[in-house]
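One file, upload-v9.txt, is given below (compact mmCIF, C-alpha atoms).
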# COMPACT_ATOMS: atom_id res chain seq x y z
CA MET A 1 92.87 71.08 93.38
CA SER A 2 90.18 71.34 96.06
CA LYS A 3 89.43 74.88 94.88
CA GLN A 4 88.96 73.67 91.31
CA ILE A 5 86.68 70.89 92.52
CA GLY A 6 84.68 73.44 94.51
CA VAL A 7 84.31 75.69 91.45
CA LEU A 8 83.22 72.71 89.33
CA ARG A 9 80.62 71.69 91.92
CA LEU A 10 79.34 75.26 92.08
CA GLY A 11 79.06 75.40 88.29
CA ILE A 12 77.14 72.12 88.19
CA THR A 13 74.80 73.35 90.91
CA ILE A 14 74.14 76.63 89.04
CA LEU A 15 73.41 74.81 85.77
CA ALA A 16 71.14 72.33 87.56
CA SER A 17 69.31 75.21 89.26
CA ALA A 18 68.71 76.97 85.92
CA ALA A 19 67.48 73.73 84.34
CA PHE A 20 65.21 73.15 87.33
CA VAL A 21 63.55 76.57 86.98
CA ALA A 22 63.07 76.11 83.22
CA THR A 23 61.65 72.59 83.39
CA TRP A 24 59.46 73.25 86.43
CA SER A 25 58.02 76.37 84.76
CA SER A 26 57.13 74.39 81.64
CA GLY A 27 54.73 72.26 83.68
CA PHE A 28 52.36 75.22 84.10
CA LEU A 29 52.21 75.83 80.34
CA VAL A 30 51.51 72.32 79.07
CA PRO A 31 47.83 72.10 80.13
CA ALA A 32 47.15 75.54 78.64
CA LEU A 33 48.83 74.64 75.34
CA ALA A 34 47.19 71.18 75.03
CA ALA A 35 43.62 72.42 74.76
CA ASP A 36 42.32 69.52 72.63
CA ALA A 37 41.98 67.12 75.58
CA SER A 38 40.86 67.21 79.19
CA PRO A 39 43.59 67.81 81.78
CA LEU A 40 42.87 64.38 83.30
CA THR A 41 43.41 62.61 79.96
CA LEU A 42 46.66 64.48 79.41
CA LEU A 43 47.88 63.64 82.90
CA VAL A 44 47.12 59.93 82.41
CA TRP A 45 49.11 59.72 79.20
CA ARG A 46 51.86 61.86 80.68
CA PHE A 47 52.45 59.44 83.55
CA VAL A 48 51.41 55.92 82.49
CA PRO A 49 53.91 55.42 79.61
CA LEU A 50 56.67 57.05 81.67
CA ALA A 51 55.94 54.73 84.60
CA VAL A 52 56.33 51.70 82.32
CA VAL A 53 59.65 53.00 80.96
CA LEU A 54 61.02 53.77 84.43
CA ILE A 55 60.00 50.38 85.83
CA VAL A 56 61.82 48.65 82.95
CA ILE A 57 64.95 50.74 83.62
CA VAL A 58 64.85 50.01 87.35
CA LEU A 59 64.49 46.28 86.73
CA ALA A 60 67.29 46.30 84.16
CA THR A 61 69.71 48.26 86.36
CA GLY A 62 68.80 46.62 89.65
CA ALA A 63 68.22 50.03 91.23
CA ALA A 64 65.64 48.54 93.61
CA ARG A 65 67.86 45.68 94.73
CA GLY A 66 68.19 45.56 98.51
CA VAL A 67 65.77 48.42 99.17
CA PRO A 68 63.52 47.58 102.15
CA PRO A 69 59.76 47.45 101.44
CA ALA A 70 59.27 50.06 104.17
CA ASP A 71 61.35 52.56 102.14
CA VAL A 72 59.25 51.86 99.05
CA ARG A 73 56.03 52.45 101.01
CA ARG A 74 57.44 55.69 102.42
CA GLN A 75 58.35 56.95 98.97
CA ALA A 76 54.92 55.94 97.68
CA LEU A 77 53.30 58.14 100.34
CA ILE A 78 55.60 61.03 99.43
CA GLY A 79 54.70 60.56 95.75
CA VAL A 80 50.98 60.79 96.50
CA PHE A 81 51.51 64.32 97.81
CA ALA A 82 54.53 65.62 95.90
CA GLN A 83 53.55 64.40 92.44
CA PHE A 84 49.96 63.20 92.22
CA GLY A 85 48.41 65.86 94.43
CA TYR A 86 50.58 68.66 93.09
CA CYS A 87 50.14 67.91 89.38
CA ALA A 88 46.42 67.18 89.60
CA ALA A 89 45.76 70.47 91.42
CA VAL A 90 47.88 72.54 88.99
CA TYR A 91 46.18 71.04 85.94
CA ALA A 92 42.75 71.57 87.49
CA ALA A 93 43.58 75.22 88.22
CA VAL A 94 44.69 75.95 84.66
CA ALA A 95 41.66 74.11 83.28
CA ALA A 96 39.41 76.25 85.50
CA GLY A 97 40.79 79.41 83.89
CA VAL A 98 43.45 80.49 86.39
CA ALA A 99 46.28 82.15 84.44
CA THR A 100 49.53 80.20 84.31
CA GLY A 101 51.44 83.05 85.95
CA THR A 102 48.86 83.33 88.72
CA THR A 103 49.05 79.59 89.38
CA ALA A 104 52.82 79.85 89.61
CA LEU A 105 52.47 82.89 91.88
CA ILE A 106 50.40 81.06 94.47
CA ASP A 107 52.79 78.12 94.33
CA ALA A 108 55.70 80.51 94.81
CA VAL A 109 54.44 81.41 98.28
CA GLN A 110 55.78 77.96 99.24
CA PRO A 111 59.24 79.22 100.31
CA LEU A 112 57.73 81.53 102.93
CA VAL A 113 55.54 78.73 104.28
CA VAL A 114 58.54 76.37 104.36
CA ALA A 115 60.67 79.01 106.10
CA MET A 116 58.04 79.31 108.82
CA LEU A 117 57.76 75.52 109.23
CA VAL A 118 61.40 74.35 109.17
CA GLY A 119 61.83 75.45 112.79
CA PRO A 120 58.96 73.58 114.45
CA LEU A 121 59.00 70.59 112.07
CA LEU A 122 62.71 70.04 111.39
CA GLY A 123 64.31 71.87 114.30
CA LEU A 124 66.28 74.17 111.97
CA ARG A 125 67.05 77.88 112.02
CA VAL A 126 66.29 80.30 109.19
CA ARG A 127 68.76 83.19 109.29
CA ALA A 128 67.72 86.86 109.11
CA ALA A 129 69.30 87.28 105.68
CA GLN A 130 67.27 84.32 104.40
CA TRP A 131 64.05 85.86 105.74
CA ALA A 132 64.95 89.15 104.03
CA GLY A 133 65.54 87.39 100.71
CA LEU A 134 62.35 85.36 100.97
CA VAL A 135 60.24 88.45 101.73
CA LEU A 136 61.88 90.38 98.89
CA GLY A 137 61.16 87.51 96.53
CA ALA A 138 57.55 87.31 97.69
CA ILE A 139 57.03 90.99 96.90
CA GLY A 140 58.50 90.41 93.46
CA VAL A 141 56.22 87.46 92.82
CA LEU A 142 53.17 89.51 93.77
CA LEU A 143 54.18 92.19 91.27
CA VAL A 144 54.83 89.64 88.52
CA VAL A 145 51.18 88.61 88.16
CA GLN A 146 49.34 91.57 89.68
CA SER A 147 47.77 92.53 86.37
CA GLN A 148 46.72 88.94 85.63
CA LEU A 149 44.40 88.64 88.62
CA GLY A 150 41.87 91.08 87.20
CA GLY A 151 41.83 89.56 83.73
CA SER A 152 41.01 85.98 84.66
CA ASP A 153 37.58 84.40 84.13
CA ALA A 154 38.17 81.72 86.75
CA PRO A 155 35.71 81.51 89.66
CA PRO A 156 37.10 82.58 93.05
CA ALA A 157 37.07 78.99 94.34
CA ALA A 158 39.47 77.98 91.55
CA TYR A 159 42.24 79.93 93.26
CA LEU A 160 42.18 77.36 96.05
CA LEU A 161 43.52 74.76 93.62
CA PRO A 162 47.04 76.26 93.27
CA ALA A 163 47.08 76.63 97.06
CA LEU A 164 46.22 72.92 97.33
CA ALA A 165 49.07 72.12 94.92
CA MET A 166 51.46 74.14 97.06
CA ALA A 167 50.29 72.38 100.23
CA CYS A 168 50.76 68.94 98.63
CA LEU A 169 54.33 69.70 97.55
CA ILE A 170 55.18 71.10 100.99
CA VAL A 171 53.86 67.97 102.70
CA GLY A 172 55.78 65.71 100.31
CA THR A 173 58.98 67.73 100.78
CA PHE A 174 58.81 67.63 104.57
CA LEU A 175 58.03 63.91 104.55
CA GLN A 176 61.15 63.40 102.42
CA ARG A 177 63.33 65.53 104.69
CA ARG A 178 62.12 63.83 107.88
CA SER A 179 62.62 60.33 106.51
CA SER A 180 65.81 58.27 106.42
CA VAL A 181 65.01 56.32 103.25
CA HIS A 182 67.85 55.61 100.79
CA THR A 183 66.19 54.98 97.44
CA GLY A 184 68.26 57.14 95.06
CA VAL A 185 66.85 59.60 92.53
CA LEU A 186 66.00 56.97 89.86
CA LEU A 187 64.06 54.70 92.19
CA THR A 188 62.45 57.69 93.93
CA LEU A 189 61.17 59.02 90.60
CA THR A 190 59.99 55.57 89.54
CA ILE A 191 57.96 55.07 92.72
CA HIS A 192 56.44 58.55 92.58
CA VAL A 193 55.56 58.31 88.88
CA THR A 194 54.11 54.80 89.25
CA VAL A 195 51.92 55.73 92.21
CA THR A 196 50.69 58.80 90.33
CA ALA A 197 50.03 56.81 87.15
CA VAL A 198 47.97 54.18 89.01
CA ALA A 199 45.89 56.81 90.79
CA LEU A 200 45.26 58.79 87.60
CA LEU A 201 44.43 55.63 85.64
CA LEU A 202 41.76 54.60 88.16
CA ILE A 203 40.24 58.09 88.23
CA ALA A 204 40.27 58.37 84.42
CA VAL A 205 38.52 55.01 83.98
CA PHE A 206 35.85 56.02 86.48
CA ALA A 207 35.42 59.47 84.87
CA GLY A 208 35.42 58.19 81.28
CA ALA A 209 38.48 60.29 80.38
CA LEU A 210 40.91 57.51 79.49
CA VAL A 211 40.71 57.53 75.67
CA PRO A 212 43.19 60.05 74.21
CA PRO A 213 42.51 62.17 71.12
CA ALA A 214 44.22 61.20 67.88
CA SER A 215 45.83 64.60 67.36
CA VAL A 216 49.59 64.92 67.01
CA SER A 217 49.61 67.97 69.30
CA PHE A 218 48.22 65.91 72.19
CA TRP A 219 50.96 63.29 71.96
CA VAL A 220 53.63 65.97 71.60
CA ALA A 221 52.30 67.63 74.77
CA ALA A 222 52.17 64.28 76.59
CA ALA A 223 55.72 63.37 75.59
CA PHE A 224 57.04 66.84 76.45
CA SER A 225 55.36 66.88 79.86
CA ALA A 226 56.68 63.39 80.65
CA ALA A 227 60.26 64.31 79.73
CA PHE A 228 60.58 67.81 81.18
CA PRO A 229 58.10 68.80 83.94
CA THR A 230 58.04 65.21 85.23
CA LEU A 231 61.34 63.42 84.64
CA ALA A 232 63.75 66.37 84.51
CA ALA A 233 62.05 68.80 86.90
CA TYR A 234 61.24 66.30 89.65
CA GLY A 235 64.62 64.59 89.30
CA LEU A 236 66.35 67.95 89.72
CA TYR A 237 64.04 68.85 92.61
CA TRP A 238 65.06 65.85 94.71
CA TRP A 239 68.72 66.11 93.64
CA LEU A 240 68.91 69.80 94.53
CA LEU A 241 67.06 69.18 97.79
CA ARG A 242 69.96 66.97 98.88
CA ARG A 243 72.66 69.22 97.42
CA VAL A 244 71.66 72.75 98.45
CA GLY A 245 69.08 72.19 101.21
CA ILE A 246 65.42 72.98 101.60
CA THR A 247 65.62 76.77 102.06
CA ALA A 248 67.84 77.45 99.04
CA LEU A 249 65.80 75.11 96.84
CA ASN A 250 62.55 76.79 97.78
CA ALA A 251 64.13 80.18 97.08
CA LEU A 252 64.68 78.96 93.50
CA LEU A 253 60.93 78.41 93.25
CA PHE A 254 60.54 82.19 93.35
CA LEU A 255 62.03 82.27 89.86
CA VAL A 256 59.37 79.88 88.55
CA ALA A 257 56.61 82.52 88.70
CA PRO A 258 58.39 85.16 86.56
CA ALA A 259 59.68 82.48 84.19
CA THR A 260 56.14 81.15 83.75
CA ALA A 261 54.69 84.65 83.32
CA ALA A 262 57.27 85.46 80.64
CA ALA A 263 56.59 82.22 78.77
CA GLY A 264 52.83 82.76 79.12
CA ALA A 265 53.17 86.21 77.56
CA LEU A 266 55.22 84.82 74.68
CA LEU A 267 53.24 81.64 73.99
CA LEU A 268 49.74 82.38 75.28
CA GLY A 269 49.46 86.15 74.93
CA GLU A 270 49.09 86.73 78.67
CA GLN A 271 49.70 90.30 79.83
CA LEU A 272 53.28 91.38 80.57
CA THR A 273 53.82 94.92 81.89
CA ALA A 274 56.53 97.14 83.37
CA VAL A 275 55.24 96.15 86.82
CA THR A 276 55.87 92.54 85.89
CA LEU A 277 59.43 93.32 84.83
CA ALA A 278 60.02 95.09 88.16
CA GLY A 279 58.78 91.96 89.87
CA PHE A 280 61.30 89.89 87.91
CA VAL A 281 64.12 92.02 89.31
CA LEU A 282 62.86 91.67 92.90
CA CYS A 283 62.45 87.91 92.50
CA GLY A 284 66.01 87.55 91.26
CA ALA A 285 67.31 89.77 94.06
CA GLY A 286 65.46 87.73 96.68
CA VAL A 287 66.88 84.47 95.37
CA GLY A 288 70.35 86.00 95.27
CA VAL A 289 70.15 87.07 98.92
CA VAL A 290 69.07 83.60 100.08
CA LEU A 291 71.71 81.77 98.04
CA ALA A 292 74.44 84.19 99.14
CA SER A 293 73.47 83.53 102.75
CA GLU A 294 73.66 79.79 102.11
CA SER A 295 77.08 80.17 100.50
CA ARG A 296 78.52 82.14 103.44
CA ALA A 297 77.23 79.52 105.87
CA SER A 298 79.07 76.72 104.05
CA ARG A 299 82.62 75.66 104.75
CA PRO A 300 85.12 76.82 102.08
CA GLY A 301 85.38 74.28 99.28
CA ASP A 302 82.35 72.28 100.45
CA PRO A 303 79.01 72.08 98.62
CA PRO A 304 76.04 73.22 100.74
CA ALA A 305 74.97 69.62 101.26
CA LEU A 306 78.15 69.03 103.31
CA ARG A 307 77.97 72.01 105.66
CA GLN A 308 77.79 71.68 109.42
CA PRO A 309 74.40 70.77 110.92
CA THR A 310 74.48 73.84 113.19
CA THR A 311 74.17 76.18 110.22
CA SER A 312 72.56 73.85 107.73
CA ASP A 313 68.96 73.55 106.73
CA GLU A 314 69.51 69.78 106.53
CA PRO A 315 69.97 67.96 109.82
CA ALA A 316 72.50 65.14 109.74
CA THR A 317 69.94 62.69 111.09
CA SER A 318 67.73 63.09 108.01
CA ARG A 319 70.28 62.89 105.22
CA SER A 320 69.42 60.37 102.55
Rewrite the structure from the file as structure tokens, please.
Amino acid sequence: MSKQIGVLRLGITILASAAFVATWSSGFLVPALAADASPLTLLVWRFVPLAVVLIVIVLATGAARGVPPADVRRQALIGVFAQFGYCAAVYAAVAAGVATGTTALIDAVQPLVVAMLVGPLLGLRVRAAQWAGLVLGAIGVLLVVQSQLGGSDAPPAAYLLPALAMACLIVGTFLQRRSSVHTGVLLTLTIHVTVTAVALLLIAVFAGALVPPASVSFWVAAAFSAAFPTLAAYGLYWWLLRRVGITALNALLFLVAPATAAAGALLLGEQLTAVTLAGFVLCGAGVGVVLASESRASRPGDPPALRQPTTSDEPATSRS
């Protein structure tokens, strides 16, 4: 019976991982597809209605009952970095002309940065096999969008925006891992989305970008981005962070760059070459090496979230 439960948990984790890659990748495409409005306007109407819906659900379900105000403030700070800072920087990069695949490429460097930081910041060890997989994936990511770098009209400074997005998500992730808050995925998402919506609303009012266009395509893009890159992708991000650990989750981010490049070629006509396809293979191989290393380090029958602290990338003192 325990073996069957272990197989079921593994299957759920694999499906959640695939859904995470698909929904997270879609977030890079929305601002490029919704060209009839400014990125700021789209972001406002992506987050504000969703914040209202989530607040109503939290109040109706009592998900915030008994949660200390300090935990809410902590999650609000995490949301400023992980959602507001990340999304604003990604949208600004795409609006500046940085190709969607290139934006995803720079973001995909995050696993290597995280691997270098988990030791000094979380007191954890990254195994040699994990380093090998992360480096292999990084090489694949570089190949995926190599041809896109020369074809972009974006100014050189615009390439700092995806790097800023990556830095914001890293800060938010480490704040989450170092904290001991117990807010649950629903309340966590609600706090992050609400903080982001308030910040975007204030900026949009000041910038005169609050009024949305009347086009159907804009509202379709806003609804899609609220449901998938925001609700589904971020919900899966925090759920997988607890289930598989920080190193394995960040390895999955390597797959976002090739997935985004493939979708950009199909939907936006961005260049897709044999070099890109070779990069896809390397990305997948890198992720496979990291996840296989995580699987071997786990106890038989246990999900990665339950493995021993001595081999885990999640210290017992920071579980939430």
- Task: Using CA of Ala163 in chain A and CA of Ala88 in chain A as the two end points, give the distance in Å to one decimal.
- Result: 12.1 Å
- Straight-line distance linking CA of Val141 in chain A with CA of Val113 in chain A, stated in Å to one decimal: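 Atom-to-atom, CA of Val141 in chain A to CA of Val113 in chain A, that is 14.4 Å.
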- In Å to one decimal, how far is CA of Pro213 in chain A from CA of Trp45 in chain A? 10.7 Å
- Message: Here's a test: counting only C-alpha atoms, identify every protein, DNA and RNA residue with an atom at most 8 Å from (51.3, 83.9, 86.2) in the file's coordinate frame, and state them as a list of chain:residue names.
- Response: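 Here is the list of nearby residues: A:Ala99, A:Thr100, A:Gly101, A:Thr102, A:Thr103, A:Ala104, A:Leu105, A:Val144, A:Val145, A:Gln148, A:Ala257, A:Pro258, A:Thr260, A:Ala261, A:Gly264.
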- Note on the structure: Nearest to Ala232 in chain A, restricted to all atoms listed in the file and choosing among A:Leu210, A:Leu143, A:Leu42, A:Val185, comes out as A:Val185
- Query: For Val126 in chain A, which of A:Thr247, A:Val289, A:Leu252, A:Gly79 is the closest residue, counting only C-alpha atoms?
  - Reply: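 Ranked by minimum distance to Val126 in chain A, first place goes to A:Thr247.
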Using all atoms listed in the file, what does the table of range 48-108 of chain A residues within 12 Å of range 194-201 of chain A look like, with each row giving the shortest atom pair and its distance in Å to one decimal, sorted by chain and ascending number, as a tab-separated table?
residue	atom	partner	partner_atom	distance
A:Val48	CA	A:Ala197	CA	4.9
A:Pro49	CA	A:Ala197	CA	8.6
A:Leu50	CA	A:Thr194	CA	8.3
A:Ala51	CA	A:Thr194	CA	5.0
A:Val52	CA	A:Thr194	CA	7.9
A:Val53	CA	A:Thr194	CA	10.1
A:Leu54	CA	A:Thr194	CA	8.5
A:Ile55	CA	A:Thr194	CA	8.1
A:Val56	CA	A:Thr194	CA	11.7
A:Val58	CA	A:Thr194	CA	11.9
A:Val72	CA	A:Val195	CA	10.7
A:Arg73	CA	A:Val195	CA	10.3
A:Arg74	CA	A:Val195	CA	11.6
A:Gln75	CA	A:Val195	CA	9.4
A:Ala76	CA	A:Val195	CA	6.2
A:Leu77	CA	A:Val195	CA	8.6
A:Ile78	CA	A:Val195	CA	9.7
A:Gly79	CA	A:Val195	CA	6.6
A:Val80	CA	A:Thr196	CA	6.5
A:Phe81	CA	A:Thr196	CA	9.3
A:Ala82	CA	A:Thr196	CA	9.6
A:Gln83	CA	A:Thr196	CA	6.6
A:Phe84	CA	A:Thr196	CA	4.8
A:Gly85	CA	A:Thr196	CA	8.5
A:Tyr86	CA	A:Thr196	CA	10.2
A:Cys87	CA	A:Thr196	CA	9.2
A:Ala88	CA	A:Leu200	CA	8.7
- Message: From the options A:Leu267, A:Leu136, A:Ala154, A:Ile170, which residue's atoms come nearest to Val290 in chain A, counting only C-alpha atoms?
- Response: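 Comparing A:Leu267, A:Leu136, A:Ala154, A:Ile170 against Val290 in chain A, the winner is A:Leu136.
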- Message: Need the shell around Ala259 in chain A: protein/DNA/RNA residues with any atom at most 12 Å away, counting all atoms listed in the file. Skip same-chain ones fewer than 3 positions apart. Format as a PyMOL selection string?
- Response: chain A and resi 18-29+100-102+104-105+108+141+144-145+252-256+262-266+272+276-277+279-281+283-284
- Message: Could you list, as an NGL selection string, every residue within 7 Å of Ala93 in chain A, counting all atoms listed in the file and ignoring same-chain residues fewer than 6 positions away?
- Response: :A and (158 or 161-162)
- Compare A:Gln176, A:Gly286, A:Val90, A:Phe206 by their minimum atom-to-atom distance to Arg242 in chain A, counting all atoms listed in the file, and give me the closest one.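 Nearest to Arg242 in chain A: A:Gln176.
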Since the input has fewer atoms than a full residue there, write range 74-93 of chain A out with N, CA and C atoms, as a JSON list (two decimals), in the coordinates of the input.
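Result file is part06.json:
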[["chain", "number", "residue", "atom", "x", "y", "z"],
["A", 74, "ARG", "N", 57.25, 54.29, 102.03],
["A", 74, "ARG", "CA", 57.44, 55.69, 102.42],
["A", 74, "ARG", "C", 57.51, 56.59, 101.20],
["A", 75, "GLN", "N", 58.26, 56.16, 100.19],
["A", 75, "GLN", "CA", 58.35, 56.95, 98.97],
["A", 75, "GLN", "C", 57.02, 56.99, 98.22],
["A", 76, "ALA", "N", 56.24, 55.93, 98.31],
["A", 76, "ALA", "CA", 54.92, 55.94, 97.68],
["A", 76, "ALA", "C", 54.03, 56.99, 98.32],
["A", 77, "LEU", "N", 54.08, 57.11, 99.64],
["A", 77, "LEU", "CA", 53.30, 58.14, 100.34],
["A", 77, "LEU", "C", 53.76, 59.54, 99.93],
["A", 78, "ILE", "N", 55.07, 59.73, 99.85],
["A", 78, "ILE", "CA", 55.60, 61.03, 99.43],
["A", 78, "ILE", "C", 55.13, 61.36, 98.01],
["A", 79, "GLY", "N", 55.13, 60.35, 97.13],
["A", 79, "GLY", "CA", 54.70, 60.56, 95.75],
["A", 79, "GLY", "C", 53.24, 60.95, 95.63],
["A", 80, "VAL", "N", 52.40, 60.42, 96.52],
["A", 80, "VAL", "CA", 50.98, 60.79, 96.50],
["A", 80, "VAL", "C", 50.81, 62.29, 96.67],
["A", 81, "PHE", "N", 51.60, 62.88, 97.57],
["A", 81, "PHE", "CA", 51.51, 64.32, 97.81],
["A", 81, "PHE", "C", 52.31, 65.12, 96.79],
["A", 82, "ALA", "N", 53.62, 64.78, 96.65],
["A", 82, "ALA", "CA", 54.53, 65.62, 95.90],
["A", 82, "ALA", "C", 54.30, 65.58, 94.39],
["A", 83, "GLN", "N", 53.74, 64.48, 93.89],
["A", 83, "GLN", "CA", 53.55, 64.40, 92.44],
["A", 83, "GLN", "C", 52.08, 64.31, 92.06],
["A", 84, "PHE", "N", 51.37, 63.33, 92.58],
["A", 84, "PHE", "CA", 49.96, 63.20, 92.22],
["A", 84, "PHE", "C", 49.14, 64.41, 92.66],
["A", 85, "GLY", "N", 49.20, 64.74, 93.93],
["A", 85, "GLY", "CA", 48.41, 65.86, 94.43],
["A", 85, "GLY", "C", 48.80, 67.18, 93.80],
["A", 86, "TYR", "N", 50.10, 67.40, 93.66],
["A", 86, "TYR", "CA", 50.58, 68.66, 93.09],
["A", 86, "TYR", "C", 50.15, 68.81, 91.63],
["A", 87, "CYS", "N", 50.44, 67.81, 90.81],
["A", 87, "CYS", "CA", 50.14, 67.91, 89.38],
["A", 87, "CYS", "C", 48.64, 67.98, 89.11],
["A", 88, "ALA", "N", 47.86, 67.17, 89.81],
["A", 88, "ALA", "CA", 46.42, 67.18, 89.60],
["A", 88, "ALA", "C", 45.83, 68.55, 89.94],
["A", 89, "ALA", "N", 46.28, 69.17, 91.02],
["A", 89, "ALA", "CA", 45.76, 70.47, 91.42],
["A", 89, "ALA", "C", 46.17, 71.57, 90.44],
["A", 90, "VAL", "N", 47.42, 71.54, 89.96],
["A", 90, "VAL", "CA", 47.88, 72.54, 88.99],
["A", 90, "VAL", "C", 47.09, 72.44, 87.69],
["A", 91, "TYR", "N", 46.92, 71.22, 87.19],
["A", 91, "TYR", "CA", 46.18, 71.04, 85.94],
["A", 91, "TYR", "C", 44.72, 71.48, 86.10],
["A", 92, "ALA", "N", 44.13, 71.17, 87.24],
["A", 92, "ALA", "CA", 42.75, 71.57, 87.49],
["A", 92, "ALA", "C", 42.63, 73.08, 87.55],
["A", 93, "ALA", "N", 43.60, 73.76, 88.12],
["A", 93, "ALA", "CA", 43.58, 75.22, 88.22],
["A", 93, "ALA", "C", 43.64, 75.86, 86.84]]
